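Trainee: Here it is: the structure, laid out below.
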Amino acid sequence: MERTWRWFGKNDKITLAMLKEIGVEGIVTALHDVPLGEVWSREKIRDLREYIESYGMRWSVVESLPVVESIKYGGPDRDEQIERYKESLRNLAAEGIHTICYNFMPVLDWARTDLSHPNPNGTTNLYFSFAEFAYFDIHILKRKGAEKDWADFRIEGVERDILAEVNEIRLRMTAEDDRKLVENIVIKTQGFVSGNFKEDDDHPVELFRRLLALYDGIDKEQLRENMRYFLTAIMPVCEECDMYMCVHPDDPPFPILGLPRIVNCDEDIEWFLNAVDNPHNGLTFCAGSLSAGAHNDVVKLARKYARRTWFVHLRSCHIFPNGDFTEASHLGGRADVIELARIFEQTNPKLPMRVDHGMTMLGDEERGYNAGYSFLGRMFAMGQVQGILATVDRELGIEYNQPGFHS
C-alpha cells in the first residue's frame, strides 16, 4: 500500500521535509483555511498540490472535504451545499486528486474522553470512558433524555451500571475537571469548532447544544435517506471526474448523544454500498474505529469489503473488560493489522494507507501536535507497519519499495 500521512497544511509543526525523510509517499490533507460550506477553488488546490509535489510526494487523499451539517440533517440549503460540493469535486479532479475521505457523523466527528491516557511503558494514548462521556452528556451538556438513554445503554458482553458510575464521578469532579473534559470532547478533537466557534462567541457547549438541536426528529432511517440523497446527487460528477468517495466509519461505532450513527457495523456498511451501488461510492476502512466495537470482526469485514475500499486507516483499539477502549499498539489490539495488510495488499497494493493515530512519546506532548497526531508516535507506528508490509509483500511476491533508499 502507498504509505501516506495526515498533514495539516503549511502551518503544521510537522514539515514535509520531515515526512520525506521517514518514507512517506503520499500526503493526506485538506484546505483547512477554507470555511465550511465554501467551494474549494482550483487555484487554492493547485497551490497546495504543487507545494506537496515540490517535496517529492503527491497529494493522495483529501481528508476531508467536509459534508456540512445541513446536508446531513436535510436543511433548507441542502441542495445549494451539494452544488458547492460538486464544484469542489470538479476542481479537485482537474488538479489530479481523485480520492475523498469524508464522514456522515452528525455534529460529533470522533470522540474521546482522555487525550493523554497513560500506558504502562510511559507513553500516552487516546482513551474513551463510557462513564465519563455519560457524565459529560448528563451533567455538563444537560441533554434532555440523556439520563434515560444511559440507563438503557448496553455494552456488548458487559454488565455495567453506567448511572451509578456517573454519580461517583460527579462527587469527585471539580470545575477544572469539567473544563478539561469539555476541551477533550468538544474543542480539541472537533473540526466543527474551528469553523463555528470564536473566542467572543458563546461557550462551546452552547454551540454544541445548538448543533444537536438541528437533529431533533432525525432518526437512523432519516439520516440514512439523507446520506442516500447526497450520494445519489454527487455520483454523476464522481463518474464524470473519476472521483472516489470513501466514507469513514463512525468513531466510536455506536450511537451517542441521542444521535443516530449509520456507519458502524457490517449491516450499515452493506446498506450504504447497496443504497448507491456505484464503484465510486466506497469505504475508508478505518480498522481503529471498527475495532473499538466488540460487535465488529475487523478481519472479516476487511475480507468482505476490500474491493469497495479506496483508503485504509491502519490502527487498532484495545477494549477493556468494562467496555472502555483505548488506542493500542499497531501490532496489538483487536484489529490484527498484520492480517489486514495481507488482505489489502492482495486486493489492491496501490491503496493509500495511513497509520492514523499514534502514541504520544519522547517529548511529543511538548510540541503542540493535534490530539492523536504526534510525530514520533506516528513515526514509530509507521516503522512497525513498514515492517509488516515488507514481510507481507515478500510472502505475496510483491516488490517492496522503500522510498529514499537505493535497492
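By convention here, the chains of the C-alpha cells are called A, B, ... in the order presented, each chain's residues are numbered starting at 1, and ligands are numbered starting at 1 in the order presented.
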Hey, what does DSSP flag as strand (DSSP E or B) within stretch 247-286 of chain A? Can you give it to me as number ranges by chain?

Mentor: A: 247, 251, 256, 259, 281-286

Trainee: Kindly provide the residues of stretch 171-267 of chain A that approach stretch 104-111 of chain A to within 7 Å, each paired with its closest atom pair and their distance in Å to one decimal, based on only C-alpha atoms, listed by chain and increasing number, as a Markdown table.

Mentor:
```
| residue | atom | partner | partner_atom | distance |
| --- | --- | --- | --- | --- |
| A:Ile185 | CA | A:Ala111 | CA | 5.9 |
| A:Thr189 | CA | A:Trp110 | CA | 6.9 |
| A:Gln190 | CA | A:Asp109 | CA | 6.0 |
| A:Leu211 | CA | A:Val107 | CA | 6.4 |
| A:Leu212 | CA | A:Val107 | CA | 6.6 |
| A:Asp250 | CA | A:Met105 | CA | 6.3 |
| A:Asp251 | CA | A:Trp110 | CA | 5.0 |
| A:Pro252 | CA | A:Ala111 | CA | 6.6 |
| A:Leu259 | CA | A:Pro106 | CA | 6.8 |
| A:Arg261 | CA | A:Met105 | CA | 6.4 |
```

Trainee: What's around stretch 155-158 of chain A at 9 Å? Count only C-alpha atoms, leave out sequence neighbours fewer than 3 positions away in its own chain, and write the answer as a PyMOL selection string.

Mentor: chain A and resi 293-295+321-323

Trainee: Choose the residue, out of A:Met243, A:Ala146, A:Cys317, A:Ile52, that has the smallest atom-to-atom separation from A:Phe128; count only C-alpha atoms.

Mentor: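 Closest residue, counting only C-alpha atoms: A:Cys317.
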
Trainee: Expressed in Å to a single decimal, how great is the separation between atom CA of A:Lys148 and atom CA of A:Val182?

Mentor: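 About the pair atom CA of A:Lys148 and atom CA of A:Val182: they are 21.5 Å apart.
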
Trainee: Do a neighbour search on A:Tyr215 at 12 Å with only C-alpha atoms, toss out local chain neighbours closer than 5 positions, and write the hits as a PyMOL selection string.

Mentor: chain A and resi 69-75+105-108+208-210+220+222-223+226+257-260

Trainee: Please extract the residues of stretch 41-99 of chain A with a backbone DSSP assignment of helix (DSSP H, G or I) and present them as an MDAnalysis selection string.

Mentor: chainID A and resid 42:53 69:73 78:94

Trainee: Compile the contact shell of stretch 384-391 of chain A as a list in words: residues with an atom at most 8 Å away, counting only C-alpha atoms, same-chain residues fewer than 6 positions apart removed.

Mentor: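 Returned residues: Met1, His330, Leu331, Ile338, Ala341, Val355 and Tyr400 of chain A.
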
Trainee: Between A:Arg90, A:His203, A:His139, A:Arg170, which is the closest to A:Glu183 once you count only C-alpha atoms?

Mentor: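 Comparing A:Arg90, A:His203, A:His139, A:Arg170 against A:Glu183, the winner is A:His203.
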
Trainee: I'd like to know which of A:Thr4, A:Phe325, A:Asp242, A:Ala302 is closest to A:Ala131, using only C-alpha atoms.

Mentor: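 Ranked by minimum distance to A:Ala131, first place goes to A:Phe325.
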
Trainee: Got a sec: who's within 8 Å of A:Glu327, counting only C-alpha atoms, leaving out chain neighbours fewer than 3 positions off, as a PyMOL selection string?

Mentor: chain A and resi 125-127+288+315-318+333+357-358

Trainee: Which residues of stretch 329-371 of chain A come within 12 Å of stretch 20-26 of chain A, and what is each one's closest atom pair and distance in Å (one decimal), counting only C-alpha atoms, sorted by chain and residue number, as JSON lines?

Mentor:
```
{"residue": "A:Lys350", "atom": "CA", "partner": "A:Gly26", "partner_atom": "CA", "distance": 11.2}
{"residue": "A:Leu351", "atom": "CA", "partner": "A:Gly26", "partner_atom": "CA", "distance": 10.8}
{"residue": "A:Pro352", "atom": "CA", "partner": "A:Gly26", "partner_atom": "CA", "distance": 7.6}
{"residue": "A:Met353", "atom": "CA", "partner": "A:Gly26", "partner_atom": "CA", "distance": 8.9}
{"residue": "A:Arg354", "atom": "CA", "partner": "A:Gly26", "partner_atom": "CA", "distance": 9.1}
{"residue": "A:Val355", "atom": "CA", "partner": "A:Val24", "partner_atom": "CA", "distance": 10.9}
```

Trainee: So the first atom is atom CA of A:His117 and the second is atom CA of A:Phe130; what is the distance between them in Å, to one decimal place?

Mentor: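 For atom CA of A:His117 relative to atom CA of A:Phe130, the distance reads 14.4 Å.
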
Trainee: Excluding A:Glu267 and residues on its chain fewer than 5 positions from it, collect all residues at most 12 Å away from it, counting only C-alpha atoms, and give them as a count of residues only.

Mentor: 10

Trainee: Just checking: using only C-alpha atoms, which residue out of A:Ser64, A:Lys188, A:Thr232, A:Gln346 ends up closest to A:His248?

Mentor: A:Ser64
